[in-house]
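*Asks:* Sharing input39.txt below, compact mmCIF, N, CA and C atoms:
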```txt
# COMPACT_ATOMS: atom_id res chain seq x y z
N MET A 1 -101.35 88.52 51.89
CA MET A 1 -100.03 88.17 51.40
C MET A 1 -99.90 86.67 51.17
N LEU A 2 -100.40 85.84 52.07
CA LEU A 2 -100.24 84.40 51.97
C LEU A 2 -101.18 83.80 50.93
N GLU A 3 -100.66 82.91 50.12
CA GLU A 3 -101.48 82.14 49.21
C GLU A 3 -102.25 81.13 50.02
N GLU A 4 -103.52 80.95 49.74
CA GLU A 4 -104.35 80.07 50.56
C GLU A 4 -103.94 78.60 50.47
N LYS A 5 -103.34 78.17 49.37
CA LYS A 5 -103.00 76.75 49.25
C LYS A 5 -101.76 76.38 50.08
N PHE A 6 -101.05 77.36 50.59
CA PHE A 6 -99.87 77.09 51.41
C PHE A 6 -100.11 77.59 52.83
N THR A 7 -99.61 76.85 53.80
CA THR A 7 -99.65 77.30 55.18
C THR A 7 -98.27 77.82 55.56
N LEU A 8 -98.20 78.45 56.71
CA LEU A 8 -96.90 78.90 57.20
C LEU A 8 -95.95 77.72 57.39
N ARG A 9 -96.48 76.58 57.80
CA ARG A 9 -95.65 75.37 57.94
C ARG A 9 -95.09 74.95 56.58
N ASN A 10 -95.91 75.05 55.53
CA ASN A 10 -95.42 74.72 54.19
C ASN A 10 -94.27 75.65 53.80
N TYR A 11 -94.45 76.94 54.04
CA TYR A 11 -93.39 77.90 53.72
C TYR A 11 -92.13 77.61 54.52
N ALA A 12 -92.28 77.32 55.81
CA ALA A 12 -91.11 77.02 56.64
C ALA A 12 -90.42 75.74 56.17
N HIS A 13 -91.22 74.76 55.76
CA HIS A 13 -90.65 73.49 55.31
C HIS A 13 -89.77 73.69 54.08
N ILE A 14 -90.30 74.37 53.08
CA ILE A 14 -89.50 74.61 51.87
C ILE A 14 -88.40 75.62 52.15
N GLY A 15 -88.66 76.59 53.01
CA GLY A 15 -87.66 77.59 53.34
C GLY A 15 -86.42 77.00 53.99
N ASP A 16 -86.62 75.98 54.81
CA ASP A 16 -85.50 75.29 55.45
C ASP A 16 -84.58 74.69 54.38
N ALA A 17 -85.17 74.03 53.40
CA ALA A 17 -84.38 73.42 52.33
C ALA A 17 -83.71 74.47 51.45
N VAL A 18 -84.43 75.52 51.12
CA VAL A 18 -83.89 76.59 50.27
C VAL A 18 -82.71 77.27 50.96
N TRP A 19 -82.85 77.52 52.26
CA TRP A 19 -81.75 78.14 53.02
C TRP A 19 -80.52 77.24 53.00
N GLU A 20 -80.71 75.95 53.20
CA GLU A 20 -79.56 75.04 53.21
C GLU A 20 -78.88 75.01 51.85
N VAL A 21 -79.64 75.00 50.77
CA VAL A 21 -79.04 75.02 49.44
C VAL A 21 -78.28 76.33 49.22
N PHE A 22 -78.86 77.44 49.64
CA PHE A 22 -78.16 78.73 49.52
C PHE A 22 -76.83 78.69 50.27
N VAL A 23 -76.84 78.21 51.49
CA VAL A 23 -75.62 78.15 52.30
C VAL A 23 -74.60 77.22 51.64
N ARG A 24 -75.05 76.04 51.23
CA ARG A 24 -74.13 75.09 50.59
C ARG A 24 -73.55 75.66 49.30
N ASP A 25 -74.39 76.30 48.51
CA ASP A 25 -73.93 76.91 47.26
C ASP A 25 -72.86 77.96 47.54
N TYR A 26 -73.05 78.73 48.58
CA TYR A 26 -72.09 79.76 48.93
C TYR A 26 -70.81 79.18 49.53
N THR A 27 -70.94 78.18 50.39
CA THR A 27 -69.76 77.65 51.07
C THR A 27 -68.84 76.85 50.14
N ILE A 28 -69.38 76.28 49.07
CA ILE A 28 -68.50 75.51 48.18
C ILE A 28 -67.47 76.41 47.49
N SER A 29 -67.74 77.71 47.45
CA SER A 29 -66.74 78.63 46.87
C SER A 29 -65.66 78.99 47.89
N LYS A 30 -65.84 78.58 49.14
CA LYS A 30 -64.88 78.92 50.20
C LYS A 30 -63.78 77.86 50.37
N THR A 31 -64.12 76.60 50.13
CA THR A 31 -63.14 75.53 50.36
C THR A 31 -63.59 74.26 49.66
N SER A 32 -62.64 73.36 49.43
CA SER A 32 -62.98 72.02 48.92
C SER A 32 -62.74 70.97 50.00
N ASN A 33 -62.33 71.40 51.17
CA ASN A 33 -62.09 70.49 52.29
C ASN A 33 -63.44 70.04 52.86
N ALA A 34 -63.70 68.74 52.82
CA ALA A 34 -65.01 68.20 53.23
C ALA A 34 -65.35 68.53 54.68
N LYS A 35 -64.38 68.42 55.54
CA LYS A 35 -64.62 68.69 56.97
C LYS A 35 -64.98 70.17 57.18
N LEU A 36 -64.25 71.05 56.51
CA LEU A 36 -64.54 72.48 56.64
C LEU A 36 -65.87 72.84 55.99
N LEU A 37 -66.18 72.23 54.84
CA LEU A 37 -67.48 72.46 54.21
C LEU A 37 -68.62 72.11 55.16
N HIS A 38 -68.49 70.97 55.81
CA HIS A 38 -69.51 70.53 56.75
C HIS A 38 -69.65 71.54 57.90
N LYS A 39 -68.54 71.98 58.44
CA LYS A 39 -68.57 72.94 59.56
C LYS A 39 -69.17 74.27 59.12
N LEU A 40 -68.74 74.78 57.98
CA LEU A 40 -69.28 76.05 57.48
C LEU A 40 -70.80 75.96 57.29
N THR A 41 -71.25 74.83 56.79
CA THR A 41 -72.68 74.64 56.55
C THR A 41 -73.46 74.49 57.85
N THR A 42 -73.02 73.58 58.70
CA THR A 42 -73.78 73.34 59.94
C THR A 42 -73.75 74.53 60.88
N ASP A 43 -72.72 75.36 60.80
CA ASP A 43 -72.68 76.58 61.61
C ASP A 43 -73.74 77.60 61.16
N ARG A 44 -74.24 77.46 59.94
CA ARG A 44 -75.17 78.44 59.38
C ARG A 44 -76.55 77.88 59.11
N VAL A 45 -76.68 76.56 59.13
CA VAL A 45 -77.99 75.94 58.94
C VAL A 45 -78.41 75.35 60.28
N ASN A 46 -78.76 76.25 61.17
CA ASN A 46 -79.25 75.85 62.50
C ASN A 46 -80.13 76.97 63.04
N ALA A 47 -80.91 76.64 64.04
CA ALA A 47 -81.91 77.57 64.56
C ALA A 47 -81.29 78.87 65.06
N SER A 48 -80.20 78.78 65.76
CA SER A 48 -79.59 79.98 66.34
C SER A 48 -79.11 80.95 65.25
N PHE A 49 -78.44 80.44 64.23
CA PHE A 49 -77.95 81.30 63.16
C PHE A 49 -79.12 81.91 62.38
N GLN A 50 -80.16 81.10 62.12
CA GLN A 50 -81.32 81.60 61.40
C GLN A 50 -82.03 82.69 62.21
N LYS A 51 -82.09 82.54 63.51
CA LYS A 51 -82.65 83.58 64.39
C LYS A 51 -81.85 84.87 64.23
N ASP A 52 -80.54 84.75 64.21
CA ASP A 52 -79.68 85.92 64.04
C ASP A 52 -79.91 86.59 62.67
N MET A 53 -80.11 85.79 61.64
CA MET A 53 -80.37 86.33 60.31
C MET A 53 -81.71 87.08 60.28
N LEU A 54 -82.71 86.54 60.96
CA LEU A 54 -84.00 87.22 61.03
C LEU A 54 -83.85 88.57 61.74
N ASN A 55 -83.11 88.58 62.83
CA ASN A 55 -82.87 89.84 63.53
C ASN A 55 -82.14 90.83 62.64
N PHE A 56 -81.20 90.35 61.85
CA PHE A 56 -80.41 91.19 60.97
C PHE A 56 -81.28 91.88 59.90
N ILE A 57 -82.26 91.16 59.36
CA ILE A 57 -83.08 91.71 58.28
C ILE A 57 -84.37 92.35 58.77
N SER A 58 -84.67 92.27 60.03
CA SER A 58 -85.99 92.68 60.54
C SER A 58 -86.36 94.13 60.18
N GLU A 59 -85.41 95.02 60.18
CA GLU A 59 -85.71 96.42 59.85
C GLU A 59 -86.06 96.62 58.38
N ASP A 60 -85.70 95.67 57.53
CA ASP A 60 -85.95 95.80 56.09
C ASP A 60 -87.23 95.10 55.63
N LEU A 61 -87.96 94.51 56.55
CA LEU A 61 -89.16 93.77 56.19
C LEU A 61 -90.36 94.70 56.03
N THR A 62 -91.23 94.33 55.11
CA THR A 62 -92.46 95.09 54.91
C THR A 62 -93.44 94.78 56.04
N GLU A 63 -94.51 95.52 56.08
CA GLU A 63 -95.55 95.27 57.08
C GLU A 63 -96.12 93.85 56.93
N ASP A 64 -96.37 93.42 55.70
CA ASP A 64 -96.89 92.07 55.45
C ASP A 64 -95.88 91.01 55.88
N GLU A 65 -94.61 91.24 55.59
CA GLU A 65 -93.57 90.28 55.99
C GLU A 65 -93.45 90.21 57.51
N ASN A 66 -93.56 91.34 58.17
CA ASN A 66 -93.53 91.34 59.63
C ASN A 66 -94.72 90.58 60.20
N GLU A 67 -95.85 90.71 59.56
CA GLU A 67 -97.04 89.96 60.00
C GLU A 67 -96.81 88.46 59.82
N MET A 68 -96.20 88.07 58.71
CA MET A 68 -95.89 86.65 58.49
C MET A 68 -94.94 86.15 59.58
N VAL A 69 -93.93 86.93 59.89
CA VAL A 69 -92.97 86.57 60.94
C VAL A 69 -93.71 86.39 62.27
N ARG A 70 -94.56 87.32 62.60
CA ARG A 70 -95.31 87.24 63.85
C ARG A 70 -96.15 85.96 63.91
N ARG A 71 -96.85 85.68 62.82
CA ARG A 71 -97.71 84.50 62.79
C ARG A 71 -96.89 83.21 62.82
N ALA A 72 -95.79 83.18 62.11
CA ALA A 72 -94.95 81.98 62.09
C ALA A 72 -94.30 81.73 63.45
N ARG A 73 -93.96 82.79 64.15
CA ARG A 73 -93.39 82.64 65.50
C ARG A 73 -94.39 82.00 66.46
N ASN A 74 -95.67 82.14 66.17
CA ASN A 74 -96.71 81.62 67.06
C ASN A 74 -97.16 80.21 66.71
N LEU A 75 -96.53 79.58 65.74
CA LEU A 75 -96.89 78.19 65.42
C LEU A 75 -96.54 77.27 66.59
N PRO A 76 -97.30 76.21 66.79
CA PRO A 76 -96.96 75.26 67.85
C PRO A 76 -95.57 74.67 67.64
N ILE A 77 -94.87 74.46 68.72
CA ILE A 77 -93.49 73.96 68.70
C ILE A 77 -93.49 72.45 68.97
N PRO A 78 -92.73 71.67 68.17
CA PRO A 78 -92.62 70.24 68.46
C PRO A 78 -92.06 70.02 69.87
N VAL A 79 -92.53 69.00 70.52
CA VAL A 79 -92.16 68.72 71.91
C VAL A 79 -90.65 68.68 72.10
N GLY A 80 -89.92 68.05 71.21
CA GLY A 80 -88.48 67.90 71.35
C GLY A 80 -87.70 69.20 71.30
N ARG A 81 -88.33 70.27 70.86
CA ARG A 81 -87.62 71.53 70.70
C ARG A 81 -88.05 72.57 71.73
N ARG A 82 -88.81 72.18 72.69
CA ARG A 82 -89.33 73.15 73.66
C ARG A 82 -88.25 73.77 74.53
N HIS A 83 -87.13 73.10 74.68
CA HIS A 83 -86.06 73.66 75.51
C HIS A 83 -85.40 74.87 74.87
N ILE A 84 -85.53 75.02 73.57
CA ILE A 84 -85.00 76.20 72.88
C ILE A 84 -86.13 76.90 72.13
N GLN A 85 -87.27 76.98 72.77
CA GLN A 85 -88.49 77.47 72.14
C GLN A 85 -88.34 78.84 71.48
N ALA A 86 -87.79 79.80 72.17
CA ALA A 86 -87.68 81.16 71.62
C ALA A 86 -86.82 81.18 70.36
N ILE A 87 -85.71 80.47 70.40
CA ILE A 87 -84.82 80.40 69.24
C ILE A 87 -85.51 79.67 68.08
N TYR A 88 -86.14 78.55 68.39
CA TYR A 88 -86.80 77.76 67.36
C TYR A 88 -87.94 78.54 66.70
N ARG A 89 -88.68 79.30 67.47
CA ARG A 89 -89.78 80.10 66.91
C ARG A 89 -89.25 81.14 65.92
N GLN A 90 -88.16 81.82 66.27
CA GLN A 90 -87.57 82.80 65.37
C GLN A 90 -87.04 82.13 64.10
N SER A 91 -86.42 80.98 64.27
CA SER A 91 -85.89 80.23 63.14
C SER A 91 -87.01 79.82 62.19
N THR A 92 -88.11 79.35 62.73
CA THR A 92 -89.26 78.95 61.91
C THR A 92 -89.80 80.15 61.14
N ALA A 93 -89.85 81.29 61.79
CA ALA A 93 -90.32 82.51 61.11
C ALA A 93 -89.38 82.87 59.95
N PHE A 94 -88.08 82.76 60.18
CA PHE A 94 -87.10 83.03 59.13
C PHE A 94 -87.30 82.07 57.95
N GLU A 95 -87.46 80.78 58.26
CA GLU A 95 -87.66 79.79 57.21
C GLU A 95 -88.96 80.05 56.44
N ALA A 96 -90.00 80.49 57.12
CA ALA A 96 -91.26 80.80 56.44
C ALA A 96 -91.08 81.94 55.45
N LEU A 97 -90.33 82.96 55.85
CA LEU A 97 -90.04 84.07 54.93
C LEU A 97 -89.27 83.60 53.71
N ILE A 98 -88.22 82.83 53.95
CA ILE A 98 -87.40 82.31 52.85
C ILE A 98 -88.28 81.49 51.91
N GLY A 99 -89.11 80.62 52.47
CA GLY A 99 -90.00 79.79 51.66
C GLY A 99 -91.00 80.61 50.86
N TYR A 100 -91.57 81.62 51.50
CA TYR A 100 -92.51 82.48 50.80
C TYR A 100 -91.84 83.18 49.63
N TRP A 101 -90.69 83.79 49.92
CA TRP A 101 -89.97 84.48 48.84
C TRP A 101 -89.58 83.53 47.73
N TYR A 102 -89.15 82.34 48.07
CA TYR A 102 -88.74 81.36 47.07
C TYR A 102 -89.91 81.02 46.14
N LEU A 103 -91.07 80.84 46.71
CA LEU A 103 -92.24 80.44 45.91
C LEU A 103 -92.92 81.60 45.19
N HIS A 104 -92.82 82.83 45.75
CA HIS A 104 -93.63 83.92 45.23
C HIS A 104 -92.87 85.19 44.86
N ASP A 105 -91.64 85.35 45.31
CA ASP A 105 -90.94 86.61 45.06
C ASP A 105 -89.42 86.39 45.05
N LYS A 106 -88.94 85.77 43.98
CA LYS A 106 -87.52 85.44 43.90
C LYS A 106 -86.62 86.68 43.86
N ILE A 107 -87.14 87.79 43.36
CA ILE A 107 -86.35 89.02 43.35
C ILE A 107 -86.10 89.48 44.79
N ARG A 108 -87.12 89.41 45.61
CA ARG A 108 -86.96 89.78 47.03
C ARG A 108 -85.99 88.82 47.72
N LEU A 109 -86.09 87.54 47.41
CA LEU A 109 -85.19 86.55 47.97
C LEU A 109 -83.74 86.87 47.58
N GLU A 110 -83.51 87.18 46.33
CA GLU A 110 -82.15 87.52 45.87
C GLU A 110 -81.63 88.78 46.56
N THR A 111 -82.52 89.73 46.82
CA THR A 111 -82.13 90.95 47.53
C THR A 111 -81.56 90.60 48.90
N PHE A 112 -82.23 89.70 49.61
CA PHE A 112 -81.76 89.33 50.94
C PHE A 112 -80.54 88.41 50.87
N TYR A 113 -80.47 87.57 49.85
CA TYR A 113 -79.25 86.78 49.68
C TYR A 113 -78.04 87.71 49.55
N SER A 114 -78.18 88.75 48.74
CA SER A 114 -77.09 89.72 48.57
C SER A 114 -76.76 90.40 49.89
N LYS A 115 -77.77 90.72 50.66
CA LYS A 115 -77.57 91.36 51.97
C LYS A 115 -76.81 90.42 52.89
N PHE A 116 -77.17 89.13 52.91
CA PHE A 116 -76.48 88.17 53.76
C PHE A 116 -75.01 88.06 53.36
N LYS A 117 -74.76 88.00 52.07
CA LYS A 117 -73.38 87.87 51.60
C LYS A 117 -72.56 89.13 51.91
N SER A 118 -73.19 90.27 51.85
CA SER A 118 -72.47 91.53 52.03
C SER A 118 -71.95 91.73 53.46
N ILE A 119 -72.57 91.10 54.43
CA ILE A 119 -72.14 91.29 55.81
C ILE A 119 -71.06 90.30 56.22
N ASP A 120 -70.69 89.47 55.27
CA ASP A 120 -69.59 88.53 55.49
C ASP A 120 -69.83 87.54 56.62
N PHE A 121 -71.09 87.13 56.79
CA PHE A 121 -71.41 86.10 57.76
C PHE A 121 -70.89 84.74 57.31
N PHE A 122 -70.45 84.68 56.06
CA PHE A 122 -70.05 83.40 55.49
C PHE A 122 -68.54 83.24 55.34
N SER A 123 -67.78 84.14 55.90
CA SER A 123 -66.34 84.00 55.73
C SER A 123 -65.74 83.10 56.79
```
Please go through the file and, once you have read it, give me the structure as structure tokens.
*Replies:*
Amino acid sequence: MLEEKFTLRNYAHIGDAVWEVFVRDYTISKTSNAKLLHKLTTDRVNASFQKDMLNFISEDLTEDENEMVRRARNLPIPVGRRHIQAIYRQSTAFEALIGYWYLHDKIRLETFYSKFKSIDFFS
């Protein structure tokens, strides 16, 4: 499933940015208040929320996607994040999936974007 020129860290790196743009794009339709925009975004662009999103979609993942999640969860954790290691590992796995879909399967990415919006996590 993984392209050899990209590592799981590469996917997580781009996935983090893609997720933030998705959240920002969605939240700007909710309000024009700068303080509220910031709160809506930061409440959803963090390790804990991303962990929850991974749990939410886990039953819909393919065998290859589950393998990617497993491998991404096992990446070494930066020293500063060891106090929330379990949460950070899940978040990294979520970001790796988002990054992979963004680079290789935008239709799959859009499917999950629709799923996220449908559960009203963004209201």
*Asks:* What box, with edges along x, y and z, holds each listed atom of stretch 47-51 of chain A when 6 Å is added on every side, and can you state its centre and edge lengths in Å to one decimal, as lines of an AutoDock Vina configuration file?
*Replies:*
```
center_x = -80.3
center_y = 80.8
center_z = 63.9
size_x = 16.7
size_y = 20.2
size_z = 16.9
```
*Asks:* Here is a test: counting only C-alpha atoms, which residue of A:Ile98, A:His38, A:Ser114, A:Glu65 is nearest to A:His13?
*Replies:* A:Ile98
*Asks:* Env of stretch 27-31 of chain A: 9 Å cut, atoms = only C-alpha atoms, seq-sep filter 2 positions within chain, self excluded. Answer as a list in words.
*Replies:*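 Once the nearby chain positions are removed, what remains is Phe22, Val23, Arg24, Asp25, Asn33, Ala34, Leu36, Leu37, Leu40, Thr41, Phe122 and Ser123 of chain A.
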*Asks:* What does the distance between atom CA of A:Asn55 and atom N of A:Thr7 come to in Å, to one decimal place?
*Replies:* 23.3 Å
*Asks:* Report as a ChimeraX atom specification: the residues of chain A with a DSSP assignment of helix (DSSP H, G or I), based on the backbone of this structure.
*Replies:* /A:8-27,34-42,47-60,63-73,79-104,106-118
*Asks:* Is it possible to add all heavy atoms to stretch 97-108 of chain A and hand it back as a short mmCIF file (atom, residue, chain, number, x, y, z; two decimals), keeping the file's coordinate frame?
*Replies:*
```
data_model
loop_
_atom_site.label_atom_id
_atom_site.label_comp_id
_atom_site.auth_asym_id
_atom_site.auth_seq_id
_atom_site.Cartn_x
_atom_site.Cartn_y
_atom_site.Cartn_z
N LEU A 97 -90.33 82.96 55.85
CA LEU A 97 -90.04 84.07 54.93
C LEU A 97 -89.27 83.60 53.71
O LEU A 97 -89.61 83.93 52.58
CB LEU A 97 -89.20 85.14 55.64
CG LEU A 97 -89.92 86.22 56.42
CD1 LEU A 97 -88.90 87.12 57.11
CD2 LEU A 97 -90.83 87.03 55.53
N ILE A 98 -88.22 82.83 53.95
CA ILE A 98 -87.40 82.31 52.85
C ILE A 98 -88.28 81.49 51.91
O ILE A 98 -88.20 81.62 50.68
CB ILE A 98 -86.21 81.48 53.38
CG1 ILE A 98 -85.25 82.34 54.21
CG2 ILE A 98 -85.48 80.77 52.23
CD1 ILE A 98 -84.50 83.39 53.44
N GLY A 99 -89.11 80.62 52.47
CA GLY A 99 -90.00 79.79 51.66
C GLY A 99 -91.00 80.61 50.86
O GLY A 99 -91.24 80.34 49.68
N TYR A 100 -91.57 81.62 51.50
CA TYR A 100 -92.51 82.48 50.80
C TYR A 100 -91.84 83.18 49.63
O TYR A 100 -92.34 83.20 48.52
CB TYR A 100 -93.14 83.51 51.75
CG TYR A 100 -94.09 84.42 51.03
CD1 TYR A 100 -95.40 84.02 50.79
CD2 TYR A 100 -93.66 85.64 50.52
CE1 TYR A 100 -96.27 84.83 50.07
CE2 TYR A 100 -94.52 86.45 49.81
CZ TYR A 100 -95.82 86.04 49.58
OH TYR A 100 -96.67 86.83 48.85
N TRP A 101 -90.69 83.79 49.92
CA TRP A 101 -89.97 84.48 48.84
C TRP A 101 -89.58 83.53 47.73
O TRP A 101 -89.68 83.88 46.56
CB TRP A 101 -88.73 85.18 49.38
CG TRP A 101 -89.01 86.34 50.28
CD1 TRP A 101 -90.07 87.20 50.22
CD2 TRP A 101 -88.19 86.80 51.35
NE1 TRP A 101 -89.96 88.15 51.20
CE2 TRP A 101 -88.82 87.95 51.91
CE3 TRP A 101 -86.99 86.37 51.90
CZ2 TRP A 101 -88.28 88.65 52.98
CZ3 TRP A 101 -86.45 87.08 52.97
CH2 TRP A 101 -87.09 88.20 53.50
N TYR A 102 -89.15 82.34 48.07
CA TYR A 102 -88.74 81.36 47.07
C TYR A 102 -89.91 81.02 46.14
O TYR A 102 -89.74 80.92 44.93
CB TYR A 102 -88.21 80.10 47.75
CG TYR A 102 -87.87 79.01 46.78
CD1 TYR A 102 -86.71 79.07 46.01
CD2 TYR A 102 -88.71 77.91 46.62
CE1 TYR A 102 -86.40 78.07 45.10
CE2 TYR A 102 -88.41 76.91 45.72
CZ TYR A 102 -87.25 76.99 44.96
OH TYR A 102 -86.96 76.00 44.06
N LEU A 103 -91.07 80.84 46.71
CA LEU A 103 -92.24 80.44 45.91
C LEU A 103 -92.92 81.60 45.19
O LEU A 103 -93.52 81.40 44.14
CB LEU A 103 -93.26 79.72 46.79
CG LEU A 103 -92.81 78.36 47.31
CD1 LEU A 103 -93.80 77.83 48.35
CD2 LEU A 103 -92.64 77.37 46.17
N HIS A 104 -92.82 82.83 45.75
CA HIS A 104 -93.63 83.92 45.23
C HIS A 104 -92.87 85.19 44.86
O HIS A 104 -93.44 86.06 44.20
CB HIS A 104 -94.72 84.30 46.25
CG HIS A 104 -95.61 83.17 46.61
ND1 HIS A 104 -96.49 82.59 45.74
CD2 HIS A 104 -95.71 82.47 47.77
CE1 HIS A 104 -97.13 81.59 46.34
NE2 HIS A 104 -96.66 81.49 47.57
N ASP A 105 -91.64 85.35 45.31
CA ASP A 105 -90.94 86.61 45.06
C ASP A 105 -89.42 86.39 45.05
O ASP A 105 -88.71 86.79 45.96
CB ASP A 105 -91.32 87.64 46.13
CG ASP A 105 -90.93 89.07 45.75
OD1 ASP A 105 -90.15 89.24 44.78
OD2 ASP A 105 -91.40 90.00 46.43
N LYS A 106 -88.94 85.77 43.98
CA LYS A 106 -87.52 85.44 43.90
C LYS A 106 -86.62 86.68 43.86
O LYS A 106 -85.49 86.63 44.32
CB LYS A 106 -87.27 84.53 42.70
CG LYS A 106 -87.85 83.13 42.93
CD LYS A 106 -87.19 82.10 42.10
CE LYS A 106 -87.60 80.69 42.41
NZ LYS A 106 -88.97 80.35 42.53
N ILE A 107 -87.14 87.79 43.36
CA ILE A 107 -86.35 89.02 43.35
C ILE A 107 -86.10 89.48 44.79
O ILE A 107 -84.98 89.86 45.15
CB ILE A 107 -87.04 90.12 42.52
CG1 ILE A 107 -87.05 89.71 41.05
CG2 ILE A 107 -86.36 91.48 42.72
CD1 ILE A 107 -87.88 90.60 40.15
N ARG A 108 -87.12 89.41 45.61
CA ARG A 108 -86.96 89.78 47.03
C ARG A 108 -85.99 88.82 47.72
O ARG A 108 -85.14 89.23 48.51
CB ARG A 108 -88.34 89.73 47.72
CG ARG A 108 -88.35 90.24 49.13
CD ARG A 108 -88.54 91.72 49.19
NE ARG A 108 -88.84 92.12 50.57
CZ ARG A 108 -88.29 93.15 51.15
NH1 ARG A 108 -87.42 93.90 50.50
NH2 ARG A 108 -88.61 93.47 52.39
#
```
